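Structure file protein03.csv (CSV, N, CA and C atoms) is printed below.
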```csv
chain,number,residue,atom,x,y,z
A,1,GLN,N,70.7,13.1,-56.1
A,1,GLN,CA,71.4,14.3,-55.5
A,1,GLN,C,71.1,14.4,-54.0
A,2,VAL,N,72.1,14.5,-53.3
A,2,VAL,CA,72.0,14.6,-51.8
A,2,VAL,C,71.4,16.0,-51.4
A,3,ARG,N,70.4,16.0,-50.6
A,3,ARG,CA,69.8,17.2,-50.1
A,3,ARG,C,69.6,17.1,-48.6
A,4,LEU,N,70.0,18.2,-47.9
A,4,LEU,CA,69.9,18.3,-46.5
A,4,LEU,C,69.1,19.6,-46.2
A,5,VAL,N,68.1,19.5,-45.4
A,5,VAL,CA,67.3,20.7,-45.1
A,5,VAL,C,67.1,20.8,-43.5
A,6,GLU,N,67.7,21.8,-43.0
A,6,GLU,CA,67.6,22.0,-41.5
A,6,GLU,C,66.4,22.9,-41.2
A,7,SER,N,65.9,22.7,-40.0
A,7,SER,CA,64.8,23.5,-39.5
A,7,SER,C,64.8,23.5,-37.9
A,8,GLY,N,64.1,24.4,-37.3
A,8,GLY,CA,63.9,24.4,-35.9
A,8,GLY,C,64.7,25.5,-35.1
A,9,GLY,N,65.5,26.3,-35.9
A,9,GLY,CA,66.2,27.4,-35.2
A,9,GLY,C,65.3,28.5,-34.8
A,10,GLY,N,65.8,29.4,-34.0
A,10,GLY,CA,65.1,30.6,-33.6
A,10,GLY,C,65.8,31.3,-32.5
A,11,LEU,N,65.0,32.2,-31.9
A,11,LEU,CA,65.5,33.1,-30.8
A,11,LEU,C,65.0,32.5,-29.5
A,12,VAL,N,65.9,32.3,-28.5
A,12,VAL,CA,65.6,31.7,-27.2
A,12,VAL,C,66.4,32.3,-26.1
A,13,GLN,N,65.8,32.4,-25.0
A,13,GLN,CA,66.5,33.0,-23.8
A,13,GLN,C,67.5,32.1,-23.2
A,14,PRO,N,68.5,32.6,-22.6
A,14,PRO,CA,69.5,31.7,-21.9
A,14,PRO,C,68.7,30.8,-21.0
A,15,GLY,N,69.2,29.5,-21.0
A,15,GLY,CA,68.6,28.5,-20.2
A,15,GLY,C,67.4,27.7,-20.9
A,16,GLY,N,67.1,28.3,-22.1
A,16,GLY,CA,66.0,27.7,-22.8
A,16,GLY,C,66.4,26.5,-23.7
A,17,SER,N,65.5,25.9,-24.4
A,17,SER,CA,65.7,24.7,-25.2
A,17,SER,C,65.2,25.0,-26.7
A,18,LEU,N,65.8,24.3,-27.6
A,18,LEU,CA,65.4,24.2,-29.0
A,18,LEU,C,65.7,22.8,-29.5
A,19,ARG,N,64.9,22.4,-30.5
A,19,ARG,CA,65.1,21.1,-31.1
A,19,ARG,C,65.3,21.4,-32.6
A,20,LEU,N,66.5,21.0,-33.1
A,20,LEU,CA,66.8,21.2,-34.5
A,20,LEU,C,66.5,19.9,-35.3
A,21,SER,N,66.1,20.0,-36.5
A,21,SER,CA,65.9,18.8,-37.3
A,21,SER,C,66.6,19.0,-38.7
A,22,CYS,N,66.9,17.9,-39.3
A,22,CYS,CA,67.5,17.9,-40.6
A,22,CYS,C,66.9,16.7,-41.3
A,23,THR,N,66.3,17.0,-42.4
A,23,THR,CA,65.7,16.0,-43.3
A,23,THR,C,66.6,15.7,-44.5
A,24,ALA,N,66.9,14.5,-44.7
A,24,ALA,CA,67.9,14.1,-45.8
A,24,ALA,C,67.1,13.4,-46.9
A,25,SER,N,67.6,13.6,-48.1
A,25,SER,CA,67.2,12.8,-49.3
A,25,SER,C,68.3,12.6,-50.2
A,26,GLY,N,68.2,11.6,-51.1
A,26,GLY,CA,69.2,11.3,-52.0
A,26,GLY,C,70.3,10.4,-51.6
A,27,ILE,N,70.2,9.9,-50.3
A,27,ILE,CA,71.2,8.9,-49.8
A,27,ILE,C,70.5,7.8,-49.1
A,28,ASN,N,71.2,6.7,-48.9
A,28,ASN,CA,70.6,5.6,-48.1
A,28,ASN,C,71.0,6.0,-46.6
A,29,PHE,N,70.1,6.8,-46.1
A,29,PHE,CA,70.3,7.5,-44.8
A,29,PHE,C,71.0,6.7,-43.7
A,30,ARG,N,70.5,5.5,-43.5
A,30,ARG,CA,70.8,4.6,-42.4
A,30,ARG,C,72.3,4.2,-42.4
A,31,LEU,N,73.0,4.3,-43.6
A,31,LEU,CA,74.3,3.8,-43.7
A,31,LEU,C,75.4,4.8,-43.2
A,32,TYR,N,75.0,6.1,-43.0
A,32,TYR,CA,76.1,7.1,-42.9
A,32,TYR,C,76.1,7.7,-41.5
A,33,THR,N,77.3,8.1,-41.1
A,33,THR,CA,77.5,9.0,-40.0
A,33,THR,C,77.0,10.4,-40.3
A,34,LEU,N,76.2,10.9,-39.4
A,34,LEU,CA,75.6,12.2,-39.6
A,34,LEU,C,76.1,13.2,-38.6
A,35,ASN,N,76.3,14.4,-39.0
A,35,ASN,CA,77.0,15.4,-38.2
A,35,ASN,C,76.1,16.7,-38.1
A,36,TRP,N,76.3,17.3,-36.9
A,36,TRP,CA,75.8,18.7,-36.7
A,36,TRP,C,77.1,19.6,-36.5
A,37,TYR,N,77.2,20.6,-37.3
A,37,TYR,CA,78.2,21.6,-37.1
A,37,TYR,C,77.5,23.0,-36.8
A,38,ARG,N,78.3,23.9,-36.3
A,38,ARG,CA,77.8,25.3,-36.1
A,38,ARG,C,79.0,26.2,-36.4
A,39,GLN,N,78.5,27.4,-36.8
A,39,GLN,CA,79.5,28.5,-37.1
A,39,GLN,C,78.9,29.8,-36.6
A,40,SER,N,79.6,30.5,-35.8
A,40,SER,CA,79.3,31.8,-35.3
A,40,SER,C,80.1,32.8,-36.0
A,41,ILE,N,79.7,34.1,-36.0
A,41,ILE,CA,80.4,35.1,-36.7
A,41,ILE,C,81.8,35.3,-36.2
A,42,GLY,N,82.7,35.2,-37.2
A,42,GLY,CA,84.1,35.4,-36.9
A,42,GLY,C,84.9,34.2,-36.4
A,43,LYS,N,84.1,33.0,-36.4
A,43,LYS,CA,84.8,31.8,-36.0
A,43,LYS,C,84.7,30.7,-37.0
A,44,GLN,N,85.5,29.7,-36.9
A,44,GLN,CA,85.5,28.6,-37.8
A,44,GLN,C,84.3,27.7,-37.5
A,45,ARG,N,83.9,27.0,-38.5
A,45,ARG,CA,82.8,26.0,-38.3
A,45,ARG,C,83.4,24.9,-37.5
A,46,GLU,N,82.6,24.5,-36.5
A,46,GLU,CA,83.0,23.5,-35.5
A,46,GLU,C,82.0,22.3,-35.4
A,47,LEU,N,82.5,21.1,-35.2
A,47,LEU,CA,81.7,20.0,-35.0
A,47,LEU,C,81.0,20.0,-33.7
A,48,VAL,N,79.7,19.9,-33.6
A,48,VAL,CA,79.0,19.9,-32.4
A,48,VAL,C,78.7,18.5,-31.9
A,49,ALA,N,78.2,17.7,-32.8
A,49,ALA,CA,77.9,16.3,-32.4
A,49,ALA,C,77.8,15.5,-33.7
A,50,ASN,N,78.0,14.2,-33.5
A,50,ASN,CA,77.7,13.3,-34.6
A,50,ASN,C,77.1,12.0,-34.1
A,51,ILE,N,76.6,11.2,-35.0
A,51,ILE,CA,76.0,9.9,-34.7
A,51,ILE,C,76.3,9.0,-35.8
A,52,THR,N,76.8,7.8,-35.5
A,52,THR,CA,77.2,6.8,-36.5
A,52,THR,C,76.0,6.0,-36.9
A,53,SER,N,76.3,5.2,-37.9
A,53,SER,CA,75.2,4.3,-38.4
A,53,SER,C,74.7,3.3,-37.4
A,54,ASP,N,75.5,3.0,-36.4
A,54,ASP,CA,75.0,2.1,-35.4
A,54,ASP,C,74.6,2.8,-34.1
A,55,GLY,N,74.5,4.1,-34.2
A,55,GLY,CA,73.9,4.9,-33.1
A,55,GLY,C,74.9,5.4,-32.1
A,56,THR,N,76.2,5.2,-32.3
A,56,THR,CA,77.2,5.8,-31.4
A,56,THR,C,77.2,7.3,-31.6
A,57,THR,N,77.2,8.0,-30.4
A,57,THR,CA,77.2,9.5,-30.5
A,57,THR,C,78.5,10.0,-29.9
A,58,ASN,N,78.8,11.2,-30.4
A,58,ASN,CA,80.0,12.0,-30.0
A,58,ASN,C,79.6,13.4,-29.9
A,59,TYR,N,80.2,14.1,-28.9
A,59,TYR,CA,79.8,15.5,-28.6
A,59,TYR,C,81.1,16.3,-28.4
A,60,ALA,N,81.0,17.6,-28.8
A,60,ALA,CA,82.0,18.5,-28.4
A,60,ALA,C,81.9,18.7,-26.9
A,61,ASP,N,83.1,19.0,-26.3
A,61,ASP,CA,83.1,19.2,-24.8
A,61,ASP,C,82.1,20.3,-24.4
A,62,SER,N,82.0,21.3,-25.2
A,62,SER,CA,81.2,22.5,-24.9
A,62,SER,C,79.7,22.2,-24.8
A,63,VAL,N,79.3,21.1,-25.4
A,63,VAL,CA,77.8,20.8,-25.4
A,63,VAL,C,77.5,19.5,-24.6
A,64,LYS,N,78.5,18.8,-24.2
A,64,LYS,CA,78.2,17.5,-23.4
A,64,LYS,C,77.3,17.8,-22.2
A,65,GLY,N,76.3,16.9,-22.1
A,65,GLY,CA,75.4,17.0,-21.0
A,65,GLY,C,74.2,18.0,-21.3
A,66,ARG,N,74.3,18.8,-22.4
A,66,ARG,CA,73.2,19.7,-22.7
A,66,ARG,C,72.5,19.4,-24.0
A,67,PHE,N,73.3,18.9,-24.9
A,67,PHE,CA,72.8,18.6,-26.3
A,67,PHE,C,72.6,17.0,-26.4
A,68,ALA,N,71.7,16.6,-27.2
A,68,ALA,CA,71.5,15.2,-27.5
A,68,ALA,C,71.2,15.1,-29.0
A,69,ILE,N,72.0,14.3,-29.7
A,69,ILE,CA,71.8,14.0,-31.1
A,69,ILE,C,71.0,12.7,-31.3
A,70,SER,N,70.2,12.6,-32.3
A,70,SER,CA,69.4,11.4,-32.5
A,70,SER,C,69.1,11.3,-34.0
A,71,ARG,N,68.7,10.0,-34.4
A,71,ARG,CA,68.4,9.8,-35.8
A,71,ARG,C,67.2,9.0,-35.9
A,72,ASP,N,66.4,9.2,-37.0
A,72,ASP,CA,65.2,8.4,-37.3
A,72,ASP,C,65.5,7.9,-38.7
A,73,ASN,N,65.9,6.6,-38.8
A,73,ASN,CA,66.2,6.1,-40.1
A,73,ASN,C,65.0,5.7,-40.9
A,74,ILE,N,63.8,5.8,-40.4
A,74,ILE,CA,62.6,5.6,-41.1
A,74,ILE,C,62.2,6.9,-41.8
A,75,ARG,N,62.3,8.0,-41.1
A,75,ARG,CA,61.9,9.3,-41.7
A,75,ARG,C,63.1,10.1,-42.3
A,76,ASN,N,64.3,9.4,-42.3
A,76,ASN,CA,65.5,10.1,-42.8
A,76,ASN,C,65.7,11.4,-42.1
A,77,ARG,N,65.6,11.4,-40.8
A,77,ARG,CA,65.7,12.7,-40.1
A,77,ARG,C,66.7,12.6,-39.0
A,78,LEU,N,67.5,13.7,-38.9
A,78,LEU,CA,68.5,13.8,-37.9
A,78,LEU,C,68.0,15.0,-37.0
A,79,SER,N,68.2,14.8,-35.7
A,79,SER,CA,67.7,15.8,-34.7
A,79,SER,C,68.8,16.2,-33.8
A,80,LEU,N,68.7,17.4,-33.2
A,80,LEU,CA,69.6,17.8,-32.1
A,80,LEU,C,68.7,18.5,-31.1
A,81,GLN,N,68.6,17.9,-29.9
A,81,GLN,CA,67.9,18.5,-28.8
A,81,GLN,C,68.9,19.3,-28.0
A,82,MET,N,68.6,20.6,-27.9
A,82,MET,CA,69.6,21.5,-27.2
A,82,MET,C,68.9,22.1,-26.0
A,83,ASN,N,69.5,21.8,-24.8
A,83,ASN,CA,68.9,22.3,-23.6
A,83,ASN,C,69.9,23.2,-22.9
A,84,ASN,N,69.4,24.0,-21.9
A,84,ASN,CA,70.2,24.9,-21.1
A,84,ASN,C,71.1,25.7,-22.1
A,85,LEU,N,70.5,26.3,-23.0
A,85,LEU,CA,71.3,27.1,-24.0
A,85,LEU,C,71.9,28.3,-23.4
A,86,ALA,N,73.0,28.7,-23.9
A,86,ALA,CA,73.8,29.8,-23.5
A,86,ALA,C,74.1,30.8,-24.6
A,87,PRO,N,74.4,32.0,-24.4
A,87,PRO,CA,74.7,32.9,-25.5
A,87,PRO,C,75.8,32.5,-26.4
A,88,GLU,N,76.8,31.7,-25.8
A,88,GLU,CA,77.8,31.2,-26.7
A,88,GLU,C,77.4,30.1,-27.6
A,89,ASP,N,76.2,29.6,-27.5
A,89,ASP,CA,75.6,28.7,-28.5
A,89,ASP,C,75.1,29.3,-29.7
A,90,THR,N,75.0,30.7,-29.7
A,90,THR,CA,74.5,31.4,-30.8
A,90,THR,C,75.3,31.1,-32.0
A,91,ALA,N,74.7,30.7,-33.1
A,91,ALA,CA,75.4,30.3,-34.3
A,91,ALA,C,74.4,29.8,-35.4
A,92,THR,N,74.9,29.6,-36.6
A,92,THR,CA,74.2,28.9,-37.6
A,92,THR,C,74.5,27.5,-37.5
A,93,TYR,N,73.5,26.6,-37.4
A,93,TYR,CA,73.7,25.2,-37.3
A,93,TYR,C,73.5,24.5,-38.6
A,94,TYR,N,74.5,23.6,-38.9
A,94,TYR,CA,74.4,22.9,-40.2
A,94,TYR,C,74.4,21.4,-40.0
A,95,CYS,N,73.7,20.8,-40.9
A,95,CYS,CA,73.6,19.3,-41.0
A,95,CYS,C,74.7,18.9,-42.0
A,96,ASN,N,75.4,17.8,-41.8
A,96,ASN,CA,76.5,17.4,-42.8
A,96,ASN,C,76.5,15.9,-42.9
A,97,VAL,N,76.9,15.5,-44.1
A,97,VAL,CA,77.1,14.1,-44.3
A,97,VAL,C,78.3,13.9,-45.3
A,98,GLN,N,79.1,13.0,-45.1
A,98,GLN,CA,80.1,12.7,-46.1
A,98,GLN,C,79.6,11.5,-47.0
A,99,PHE,N,79.5,11.8,-48.3
A,99,PHE,CA,78.9,10.9,-49.2
A,99,PHE,C,79.8,10.7,-50.4
A,100,ARG,N,80.3,9.5,-50.6
A,100,ARG,CA,81.3,9.2,-51.7
A,100,ARG,C,82.5,10.1,-51.6
A,101,GLY,N,82.9,10.4,-50.4
A,101,GLY,CA,84.1,11.2,-50.3
A,101,GLY,C,84.0,12.7,-50.3
A,102,LEU,N,82.7,13.1,-50.5
A,102,LEU,CA,82.4,14.6,-50.6
A,102,LEU,C,81.5,15.0,-49.4
A,103,PRO,N,81.8,16.2,-48.9
A,103,PRO,CA,80.9,16.7,-47.8
A,103,PRO,C,79.7,17.4,-48.4
A,104,PHE,N,78.5,17.1,-47.8
A,104,PHE,CA,77.3,17.7,-48.2
A,104,PHE,C,76.7,18.5,-47.0
A,105,TRP,N,76.3,19.7,-47.3
A,105,TRP,CA,75.8,20.6,-46.3
A,105,TRP,C,74.4,21.1,-46.6
A,106,GLY,N,73.6,21.3,-45.5
A,106,GLY,CA,72.4,22.0,-45.7
A,106,GLY,C,72.7,23.5,-45.7
A,107,ARG,N,71.6,24.3,-45.8
A,107,ARG,CA,71.8,25.8,-45.8
A,107,ARG,C,71.9,26.3,-44.4
A,108,GLY,N,71.6,25.5,-43.4
A,108,GLY,CA,71.8,26.0,-42.0
A,108,GLY,C,70.5,26.6,-41.4
A,109,THR,N,70.4,26.6,-40.1
A,109,THR,CA,69.3,27.2,-39.4
A,109,THR,C,70.0,28.0,-38.2
A,110,GLN,N,69.5,29.2,-38.1
A,110,GLN,CA,70.1,30.2,-37.1
A,110,GLN,C,69.5,29.9,-35.7
A,111,VAL,N,70.4,29.9,-34.8
A,111,VAL,CA,70.0,29.8,-33.4
A,111,VAL,C,70.6,31.0,-32.7
A,112,THR,N,69.8,31.8,-32.0
A,112,THR,CA,70.2,33.0,-31.3
A,112,THR,C,69.8,32.8,-29.9
A,113,VAL,N,70.7,32.9,-28.9
A,113,VAL,CA,70.4,32.8,-27.5
A,113,VAL,C,70.7,34.2,-26.9
A,114,SER,N,69.6,34.8,-26.5
A,114,SER,CA,69.8,36.2,-26.0
A,114,SER,C,68.6,36.5,-25.1
A,115,SER,N,68.8,37.3,-24.1
A,115,SER,CA,67.7,37.8,-23.2
A,115,SER,C,67.2,39.2,-23.8
```
Output the structure of this file as structure tokens.
Amino acid sequence: QVRLVESGGGLVQPGGSLRLSCTASGINFRLYTLNWYRQSIGKQRELVANITSDGTTNYADSVKGRFAISRDNIRNRLSLQMNNLAPEDTATYYCNVQFRGLPFWGRGTQVTVSS
């Protein structure tokens, strides 16, 4: 059974930083593209960043230059370093993987950017 568990969210002031983590189990982690999504109140869930099995990264335009996605295939851990956070980054952040044609999600971790 695929299980994704996010951590690292919290309350941070504008301009601050947070590092999110997602620990995966139940899959051969190194083989899959891994995604970070976010969803804020009243908005659709959006793709923030992803990283392929060979380490290629992609970012939403809104986070380019501020966020960095990385993966640790030994510890089965996906990370998202978020710098220079802004109030519009406030959202629940989710880890996602497509496995055997199905999307799997963690429960999310809340990020709130506010002074």
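Distances here use only N, CA and C atoms; by that measure, the residue among A:Ser21, A:Pro87, A:Ala49, A:Val63 closest to Gly9 of chain A is A:Ser21.
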### Summary
For Leu4 of chain A, the closest of A:Met82, A:Val111, A:Ile74, A:Cys22 counting all atoms listed in the file is A:Cys22
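Proximity of A:Ser70, A:Lys43, A:Lys64, A:Ser17 to Leu85 of chain A, computed with all atoms listed in the file, is greatest for A:Ser17.
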### Message
I'd like to know which of A:Ile27, A:Ala86, A:Val97, A:Ala91 is closest to Ile51 of chain A, using only C-alpha atoms.
### Response
A:Val97
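You will find atom C of Gly8 of chain A at 26.1 Å from atom C of Phe99 of chain A.
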#### Entry: 6 Å contact set for Gly26 of chain A, only N, CA and C atoms, chain neighbours under 5 positions out, as a ChimeraX atom specification
/A:1-3
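Our summary of the geometry notes that atom CA of Arg107 of chain A is positioned 23.5 Å from atom N of Asp61 of chain A.
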### Query
How many Å lie between atom N of Trp36 of chain A and atom N of Ser115 of chain A, rounded to one decimal?
24.9 Å
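Using only N, CA and C atoms, the nearest neighbour of Tyr37 of chain A within the list A:Cys95, A:Ile69, A:Val113, A:Leu102 is A:Cys95.
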### Those in chain A with helix (DSSP H, G or I) from DSSP, as JSON, numbers by chain
{"A": [29, 30, 31, 87, 88, 89]}
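Across A:Asn76, A:Gln39, A:Thr52, A:Ser114, the tightest approach to Thr92 of chain A is made by A:Gln39 when counting all atoms listed in the file.
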I need the residues of segment 11-109 of chain A that end up classed as strand (DSSP E) by DSSP on the backbone, written out as a compact mmCIF listing (two decimals) with N, CA and C atoms, keeping the file's coordinate frame.
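Output file states-v8.txt follows:
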```
# COMPACT_ATOMS: atom_id res chain seq x y z
N LEU A 11 65.00 32.20 -31.90
CA LEU A 11 65.50 33.10 -30.80
C LEU A 11 65.00 32.50 -29.50
N VAL A 12 65.90 32.30 -28.50
CA VAL A 12 65.60 31.70 -27.20
C VAL A 12 66.40 32.30 -26.10
N LEU A 18 65.80 24.30 -27.60
CA LEU A 18 65.40 24.20 -29.00
C LEU A 18 65.70 22.80 -29.50
N ARG A 19 64.90 22.40 -30.50
CA ARG A 19 65.10 21.10 -31.10
C ARG A 19 65.30 21.40 -32.60
N LEU A 20 66.50 21.00 -33.10
CA LEU A 20 66.80 21.20 -34.50
C LEU A 20 66.50 19.90 -35.30
N SER A 21 66.10 20.00 -36.50
CA SER A 21 65.90 18.80 -37.30
C SER A 21 66.60 19.00 -38.70
N CYS A 22 66.90 17.90 -39.30
CA CYS A 22 67.50 17.90 -40.60
C CYS A 22 66.90 16.70 -41.30
N THR A 23 66.30 17.00 -42.40
CA THR A 23 65.70 16.00 -43.30
C THR A 23 66.60 15.70 -44.50
N ALA A 24 66.90 14.50 -44.70
CA ALA A 24 67.90 14.10 -45.80
C ALA A 24 67.10 13.40 -46.90
N SER A 25 67.60 13.60 -48.10
CA SER A 25 67.20 12.80 -49.30
C SER A 25 68.30 12.60 -50.20
N LEU A 34 76.20 10.90 -39.40
CA LEU A 34 75.60 12.20 -39.60
C LEU A 34 76.10 13.20 -38.60
N ASN A 35 76.30 14.40 -39.00
CA ASN A 35 77.00 15.40 -38.20
C ASN A 35 76.10 16.70 -38.10
N TRP A 36 76.30 17.30 -36.90
CA TRP A 36 75.80 18.70 -36.70
C TRP A 36 77.10 19.60 -36.50
N TYR A 37 77.20 20.60 -37.30
CA TYR A 37 78.20 21.60 -37.10
C TYR A 37 77.50 23.00 -36.80
N ARG A 38 78.30 23.90 -36.30
CA ARG A 38 77.80 25.30 -36.10
C ARG A 38 79.00 26.20 -36.40
N GLN A 39 78.50 27.40 -36.80
CA GLN A 39 79.50 28.50 -37.10
C GLN A 39 78.90 29.80 -36.60
N GLU A 46 82.60 24.50 -36.50
CA GLU A 46 83.00 23.50 -35.50
C GLU A 46 82.00 22.30 -35.40
N LEU A 47 82.50 21.10 -35.20
CA LEU A 47 81.70 20.00 -35.00
C LEU A 47 81.00 20.00 -33.70
N VAL A 48 79.70 19.90 -33.60
CA VAL A 48 79.00 19.90 -32.40
C VAL A 48 78.70 18.50 -31.90
N ALA A 49 78.20 17.70 -32.80
CA ALA A 49 77.90 16.30 -32.40
C ALA A 49 77.80 15.50 -33.70
N ASN A 50 78.00 14.20 -33.50
CA ASN A 50 77.70 13.30 -34.60
C ASN A 50 77.10 12.00 -34.10
N ILE A 51 76.60 11.20 -35.00
CA ILE A 51 76.00 9.90 -34.70
C ILE A 51 76.30 9.00 -35.80
N THR A 57 77.20 8.00 -30.40
CA THR A 57 77.20 9.50 -30.50
C THR A 57 78.50 10.00 -29.90
N ASN A 58 78.80 11.20 -30.40
CA ASN A 58 80.00 12.00 -30.00
C ASN A 58 79.60 13.40 -29.90
N TYR A 59 80.20 14.10 -28.90
CA TYR A 59 79.80 15.50 -28.60
C TYR A 59 81.10 16.30 -28.40
N PHE A 67 73.30 18.90 -24.90
CA PHE A 67 72.80 18.60 -26.30
C PHE A 67 72.60 17.00 -26.40
N ALA A 68 71.70 16.60 -27.20
CA ALA A 68 71.50 15.20 -27.50
C ALA A 68 71.20 15.10 -29.00
N ILE A 69 72.00 14.30 -29.70
CA ILE A 69 71.80 14.00 -31.10
C ILE A 69 71.00 12.70 -31.30
N SER A 70 70.20 12.60 -32.30
CA SER A 70 69.40 11.40 -32.50
C SER A 70 69.10 11.30 -34.00
N ARG A 71 68.70 10.00 -34.40
CA ARG A 71 68.40 9.80 -35.80
C ARG A 71 67.20 9.00 -35.90
N ASP A 72 66.40 9.20 -37.00
CA ASP A 72 65.20 8.40 -37.30
C ASP A 72 65.50 7.90 -38.70
N ARG A 77 65.60 11.40 -40.80
CA ARG A 77 65.70 12.70 -40.10
C ARG A 77 66.70 12.60 -39.00
N LEU A 78 67.50 13.70 -38.90
CA LEU A 78 68.50 13.80 -37.90
C LEU A 78 68.00 15.00 -37.00
N SER A 79 68.20 14.80 -35.70
CA SER A 79 67.70 15.80 -34.70
C SER A 79 68.80 16.20 -33.80
N LEU A 80 68.70 17.40 -33.20
CA LEU A 80 69.60 17.80 -32.10
C LEU A 80 68.70 18.50 -31.10
N GLN A 81 68.60 17.90 -29.90
CA GLN A 81 67.90 18.50 -28.80
C GLN A 81 68.90 19.30 -28.00
N MET A 82 68.60 20.60 -27.90
CA MET A 82 69.60 21.50 -27.20
C MET A 82 68.90 22.10 -26.00
N ALA A 91 74.70 30.70 -33.10
CA ALA A 91 75.40 30.30 -34.30
C ALA A 91 74.40 29.80 -35.40
N THR A 92 74.90 29.60 -36.60
CA THR A 92 74.20 28.90 -37.60
C THR A 92 74.50 27.50 -37.50
N TYR A 93 73.50 26.60 -37.40
CA TYR A 93 73.70 25.20 -37.30
C TYR A 93 73.50 24.50 -38.60
N TYR A 94 74.50 23.60 -38.90
CA TYR A 94 74.40 22.90 -40.20
C TYR A 94 74.40 21.40 -40.00
N CYS A 95 73.70 20.80 -40.90
CA CYS A 95 73.60 19.30 -41.00
C CYS A 95 74.70 18.90 -42.00
N ASN A 96 75.40 17.80 -41.80
CA ASN A 96 76.50 17.40 -42.80
C ASN A 96 76.50 15.90 -42.90
N VAL A 97 76.90 15.50 -44.10
CA VAL A 97 77.10 14.10 -44.30
C VAL A 97 78.30 13.90 -45.30
N GLN A 98 79.10 13.00 -45.10
CA GLN A 98 80.10 12.70 -46.10
C GLN A 98 79.60 11.50 -47.00
N PHE A 99 79.50 11.80 -48.30
CA PHE A 99 78.90 10.90 -49.20
C PHE A 99 79.80 10.70 -50.40
N LEU A 102 82.70 13.10 -50.50
CA LEU A 102 82.40 14.60 -50.60
C LEU A 102 81.50 15.00 -49.40
N PRO A 103 81.80 16.20 -48.90
CA PRO A 103 80.90 16.70 -47.80
C PRO A 103 79.70 17.40 -48.40
N PHE A 104 78.50 17.10 -47.80
CA PHE A 104 77.30 17.70 -48.20
C PHE A 104 76.70 18.50 -47.00
N TRP A 105 76.30 19.70 -47.30
CA TRP A 105 75.80 20.60 -46.30
C TRP A 105 74.40 21.10 -46.60
N THR A 109 70.40 26.60 -40.10
CA THR A 109 69.30 27.20 -39.40
C THR A 109 70.00 28.00 -38.20
```
### Query
Near Arg71 of chain A, within 8 Å and counting all atoms listed in the file, which residues show up once chain neighbours fewer than 5 positions away are dropped, as a ChimeraX atom specification?
/A:51,55,76-80
Could you write out that same residue set with N, CA and C atoms as a short mmCIF file (atom, residue, chain, number, x, y, z; two decimals), keeping the file's coordinate frame?
```
data_model
loop_
_atom_site.label_atom_id
_atom_site.label_comp_id
_atom_site.auth_asym_id
_atom_site.auth_seq_id
_atom_site.Cartn_x
_atom_site.Cartn_y
_atom_site.Cartn_z
N ILE A 51 76.60 11.20 -35.00
CA ILE A 51 76.00 9.90 -34.70
C ILE A 51 76.30 9.00 -35.80
N GLY A 55 74.50 4.10 -34.20
CA GLY A 55 73.90 4.90 -33.10
C GLY A 55 74.90 5.40 -32.10
N ASN A 76 64.30 9.40 -42.30
CA ASN A 76 65.50 10.10 -42.80
C ASN A 76 65.70 11.40 -42.10
N ARG A 77 65.60 11.40 -40.80
CA ARG A 77 65.70 12.70 -40.10
C ARG A 77 66.70 12.60 -39.00
N LEU A 78 67.50 13.70 -38.90
CA LEU A 78 68.50 13.80 -37.90
C LEU A 78 68.00 15.00 -37.00
N SER A 79 68.20 14.80 -35.70
CA SER A 79 67.70 15.80 -34.70
C SER A 79 68.80 16.20 -33.80
N LEU A 80 68.70 17.40 -33.20
CA LEU A 80 69.60 17.80 -32.10
C LEU A 80 68.70 18.50 -31.10
#
```
Would you mind completing segment 83-90 of chain A to N, CA, C and O atoms and writing the output as a PDB file, in the coordinates of the input?
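Output contents, as saved in result_25.pdb:
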```pdb
ATOM      1  N   ASN A  83      69.500  21.800 -24.800  1.00  0.00           N
ATOM      2  CA  ASN A  83      68.900  22.300 -23.600  1.00  0.00           C
ATOM      3  C   ASN A  83      69.900  23.200 -22.900  1.00  0.00           C
ATOM      4  O   ASN A  83      71.106  23.207 -23.166  1.00  0.00           O
ATOM      5  N   ASN A  84      69.400  24.000 -21.900  1.00  0.00           N
ATOM      6  CA  ASN A  84      70.200  24.900 -21.100  1.00  0.00           C
ATOM      7  C   ASN A  84      71.100  25.700 -22.100  1.00  0.00           C
ATOM      8  O   ASN A  84      72.334  25.821 -21.858  1.00  0.00           O
ATOM      9  N   LEU A  85      70.500  26.300 -23.000  1.00  0.00           N
ATOM     10  CA  LEU A  85      71.300  27.100 -24.000  1.00  0.00           C
ATOM     11  C   LEU A  85      71.900  28.300 -23.400  1.00  0.00           C
ATOM     12  O   LEU A  85      71.308  28.943 -22.495  1.00  0.00           O
ATOM     13  N   ALA A  86      73.000  28.700 -23.900  1.00  0.00           N
ATOM     14  CA  ALA A  86      73.800  29.800 -23.500  1.00  0.00           C
ATOM     15  C   ALA A  86      74.100  30.800 -24.600  1.00  0.00           C
ATOM     16  O   ALA A  86      74.074  30.316 -25.793  1.00  0.00           O
ATOM     17  N   PRO A  87      74.400  32.000 -24.400  1.00  0.00           N
ATOM     18  CA  PRO A  87      74.700  32.900 -25.500  1.00  0.00           C
ATOM     19  C   PRO A  87      75.800  32.500 -26.400  1.00  0.00           C
ATOM     20  O   PRO A  87      75.744  32.723 -27.601  1.00  0.00           O
ATOM     21  N   GLU A  88      76.800  31.700 -25.800  1.00  0.00           N
ATOM     22  CA  GLU A  88      77.800  31.200 -26.700  1.00  0.00           C
ATOM     23  C   GLU A  88      77.400  30.100 -27.600  1.00  0.00           C
ATOM     24  O   GLU A  88      78.187  29.681 -28.496  1.00  0.00           O
ATOM     25  N   ASP A  89      76.200  29.600 -27.500  1.00  0.00           N
ATOM     26  CA  ASP A  89      75.600  28.700 -28.500  1.00  0.00           C
ATOM     27  C   ASP A  89      75.100  29.300 -29.700  1.00  0.00           C
ATOM     28  O   ASP A  89      74.646  28.660 -30.638  1.00  0.00           O
ATOM     29  N   THR A  90      75.000  30.700 -29.700  1.00  0.00           N
ATOM     30  CA  THR A  90      74.500  31.400 -30.800  1.00  0.00           C
ATOM     31  C   THR A  90      75.300  31.100 -32.000  1.00  0.00           C
ATOM     32  O   THR A  90      76.562  31.300 -32.019  1.00  0.00           O
TER      33      THR A  90
END
```
